[in-house]
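One structure below.
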Amino acid sequence: MSTAIAQDSDRLKAENRLGRKLVAPAIIVMLVVTAFPMLRALYLSLFSYSLTAPDDREFVGLSNYVTALTDSLFWRDTGVTVLIMLVTVFFELVIGFIFAMVMHRVIFARGVIRTSILIPYGIITVVSGFAWQFAFSLNNGFVNGWLPFVDDGFNWFENTTPALIAIMVSEIWKTTPFMSLLLLAGLAQVSDDMIEAAKVDGATWWQRLWKVILPNMRAAIMVAVLFRALDAYRIFDNIFVMTAGAVNTESVSFLTYRQVVEQFALGIGSALSVLLFLSVLVIAFLIVKIFKVDLAQARQE
Amino acid sequence: MKQKIGTAVGCLLILIWCLLPVAWIISLSFKSQDAITNGSPGFFPADGDGAGWQNYIDVWNNDQFRRAIFNSIGISLIATLLSVIIATLAAYAIARLEFKGKKFVLSTALAIAMFPVVSLVGPLFDMWRTFGLYDTWPGLIIPYMSFTLPLAIWTLSAFFREIPWEMEQAAQVDGATSWQAFRKVIVPLAAPGVFTAAILTFFFAWNDFVFGISLTSTESARPIPAALSFFVGADPFNRPASLLAAGAVIATIPIVLIVLVFQRKIVAGLTSGAVKG
């Protein structure tokens, strides 16, 4: 009896060791490029340090953070980023859900629909940015001509609001298909029996949607929203390509990039990196807490 | 009947949504550069504005562009291969073994999937210059691996959980050696999952822009999205639109081919990787 237990625990120990050996390379590669540089950013953010004058590195404590947090530019960019996040995720969710409903019902031409829905997902964001920038452009775009309520001479990239709309259209176009695929998987989990039962009980289409379908898809919706919101908060490519941050369309990611790569200001740039990282953590925390997202599901357990 | 019409209209909307911008960029790539300079707001090239294949020929004869395509293909393929190998090991352990630290692996993967990439640009820029990795292939391959591992691990462990592993023993009972059992039974079952993970990883690497512009400085490692954005001048309001469009179409062809051939596998991978239900 006791030998059996001993054998068992030996086997468990061996399994434990093997498991750790197998995941070790993945853990190392993931942490080398994230945890280690992040710690270095934390360290560098305490210095006044510019690559143009590397010898003048000087310890300044938290003053880089004070500079960033008291600068109206930082708050304006944060506001723009949050606005983009809220608007794009809302539209992606609504349109993505409609697409998912259509794909759920469609019987014919499934392959064609699936192929075309994957094309925006696969297209390089930079290309999507170009396509929409030219579409909205004053001299070479078709949007002004197609929209009846827009003057043909309207310049979308002259003011903040229209420029942000153009950026958000590109972002929404590219990511809605992905959202719809996630929602389609969630939709497939809602049992037809329940919907039929609700129908028999006399529930209208609207009631069935809100009382049966959506509550049963909650987990899938929340995981999709969590991922998309954090992705949208990191928006960079579209802004870089479409406006390069002009007319106050800069996002927090773009501000950080500009400080580090264009101005070589590693001290303040690192402080911004840390702030960006912290704000993503805060958003993730808020979404998880407010909507009670089941993280075990997001983790695939 | 009403429902059928609704579905048909919905399908049409999806097709328009997905393909209109693609049609636009293709149409743009056939407009002549003179037409763009003078302004050509129509969706299709107007009479006399067409350029035929000239833009494609010009782009293809551009050394920087050809070099960038070569870099992108090489870097993406190597990153995909390495990432899938490492992820397969980890996913096997997660799906099949009980070990301490499993939760740590899954949490790390989740955290990295949400990581703001730009906040790494500064420190990595600094580190890569110290290590001599700046503006080299490995300098991009390493970060691509780190950021594709979470998705690859999820997709693969979801697939591996579904494999009936008892079949391996059954084959051995039937007289197969353990290598035969692995090769003839497990590999064919696991291959679709590995393949899906590879496609998704390749998409990520092909798509990346942030690392591409900040960790390279010359054409020796610059990938295609970065090269497109730097293509002729920095003025975002006056670009050689039709040339860029031709370049963009060429850069999109590999993705479209992959989607056309493997759409079923990609959808399965995307949905299993993110929502288990």
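Naming works like this for the structure tokens: A, B, ... for the chains as they're shown, residue 1 at the start of each chain, ligands 1 onward in shown order.
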**Request:** Please report as a count of residues only which residues of chain B come no farther than 7 Å from chain A, using only C-alpha atoms.
**Result:** 58
**Message:** To test your reading of the structure, identify every residue in segment 42-88 of chain A that backbone DSSP assigns to strand (DSSP E or B), and report it as a ChimeraX atom specification.
**Reply:** /A:47-48,58-59
**Message:** Nearest residue to Phe65 of chain B out of B:Ala268, B:Ile253, B:Leu243, B:Leu200, using only C-alpha atoms?
**Reply:**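 Among the listed residues, B:Leu243 lies closest to Phe65 of chain B.
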**Asked** Hey, what's within 7 Å of segment 28-31 of chain B if we count only C-alpha atoms and toss same-chain stuff fewer than 4 positions away? As an MDAnalysis selection string, please?
**Response** chainID B and resid 24 35 45 49:53 55 242:243 245:246
Atoms kept (N, CA and C atoms) for selection, written as a tab-separated table (two decimals), in the first residue's frame:
chain	number	residue	atom	x	y	z
B	24	TRP	N	-11.05	48.89	-53.87
B	24	TRP	CA	-10.58	50.28	-53.98
B	24	TRP	C	-9.07	50.35	-54.14
B	35	ALA	N	-2.46	61.04	-63.05
B	35	ALA	CA	-3.86	61.20	-62.66
B	35	ALA	C	-3.96	61.49	-61.16
B	45	PRO	N	-10.55	54.12	-62.25
B	45	PRO	CA	-9.78	55.06	-63.06
B	45	PRO	C	-10.67	55.66	-64.15
B	49	ASP	N	-6.97	57.73	-67.50
B	49	ASP	CA	-6.22	57.76	-66.24
B	49	ASP	C	-5.57	56.42	-65.92
B	50	GLY	N	-5.90	55.41	-66.70
B	50	GLY	CA	-5.39	54.08	-66.41
B	50	GLY	C	-3.89	53.99	-66.65
B	51	ALA	N	-3.21	53.17	-65.88
B	51	ALA	CA	-1.77	53.05	-66.03
B	51	ALA	C	-1.38	51.64	-66.42
B	52	GLY	N	-2.36	50.76	-66.60
B	52	GLY	CA	-2.02	49.37	-66.89
B	52	GLY	C	-1.20	48.78	-65.74
B	53	TRP	N	-0.19	48.00	-66.10
B	53	TRP	CA	0.63	47.35	-65.07
B	53	TRP	C	1.85	48.19	-64.69
B	55	ASN	N	2.49	50.66	-62.65
B	55	ASN	CA	2.81	50.84	-61.23
B	55	ASN	C	3.42	49.59	-60.63
B	242	SER	N	-0.75	55.73	-56.16
B	242	SER	CA	-0.96	54.54	-56.97
B	242	SER	C	0.21	53.56	-56.85
B	243	LEU	N	1.43	54.09	-56.70
B	243	LEU	CA	2.59	53.21	-56.50
B	243	LEU	C	2.44	52.45	-55.19
B	245	ALA	N	-0.29	51.83	-53.63
B	245	ALA	CA	-1.37	50.86	-53.74
B	245	ALA	C	-0.87	49.59	-54.41
B	246	ALA	N	-0.05	49.73	-55.45
B	246	ALA	CA	0.50	48.55	-56.12
B	246	ALA	C	1.36	47.74	-55.14
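For Ala221 of chain B, the residues within 8 Å (counting only C-alpha atoms, excluding itself and residues fewer than 5 positions away along the chain) are Ala68, Asn71, Asp135, Thr136, Trp137 and Thr216 of chain B.
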Output file for the selection above: N, CA and C atoms, as a PDB file, in the first residue's frame:
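Generated output (part_19.pdb):
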ATOM      1  N   ALA B  68      12.504  44.431 -49.017  1.00  0.00           N
ATOM      2  CA  ALA B  68      11.578  44.380 -47.878  1.00  0.00           C
ATOM      3  C   ALA B  68      10.698  43.145 -47.949  1.00  0.00           C
ATOM      4  N   ASN B  71      12.851  40.330 -46.840  1.00  0.00           N
ATOM      5  CA  ASN B  71      13.006  40.364 -45.385  1.00  0.00           C
ATOM      6  C   ASN B  71      11.757  39.833 -44.703  1.00  0.00           C
ATOM      7  N   ASP B 135      18.598  46.376 -36.119  1.00  0.00           N
ATOM      8  CA  ASP B 135      18.627  46.327 -37.568  1.00  0.00           C
ATOM      9  C   ASP B 135      19.139  44.994 -38.112  1.00  0.00           C
ATOM     10  N   THR B 136      18.815  43.897 -37.425  1.00  0.00           N
ATOM     11  CA  THR B 136      19.160  42.574 -37.945  1.00  0.00           C
ATOM     12  C   THR B 136      17.905  41.702 -37.926  1.00  0.00           C
ATOM     13  N   TRP B 137      17.955  40.570 -38.657  1.00  0.00           N
ATOM     14  CA  TRP B 137      16.822  39.641 -38.656  1.00  0.00           C
ATOM     15  C   TRP B 137      16.501  39.118 -37.262  1.00  0.00           C
ATOM     16  N   THR B 216      14.566  48.706 -36.805  1.00  0.00           N
ATOM     17  CA  THR B 216      15.382  48.626 -38.020  1.00  0.00           C
ATOM     18  C   THR B 216      15.685  50.046 -38.482  1.00  0.00           C
TER      19      THR B 216
END
**Prompt:** From the list B:Arg96, B:Thr148, B:Ile266, B:Ala197, which residue is nearest Glu166 of chain B when using only C-alpha atoms?
**Reply:**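 Using only C-alpha atoms, Glu166 of chain B sits closest to B:Arg96.
Using only C-alpha atoms, the contacts of segment 157-163 of chain B at a cut-off of 7 Å, with sequence neighbours closer than 3 positions omitted, comprise Ala91, Tyr92, Ile94, Ala95, Ile153, Trp154, Leu189, Ala190, Gly193, Ser272 and Gly273 of chain B.
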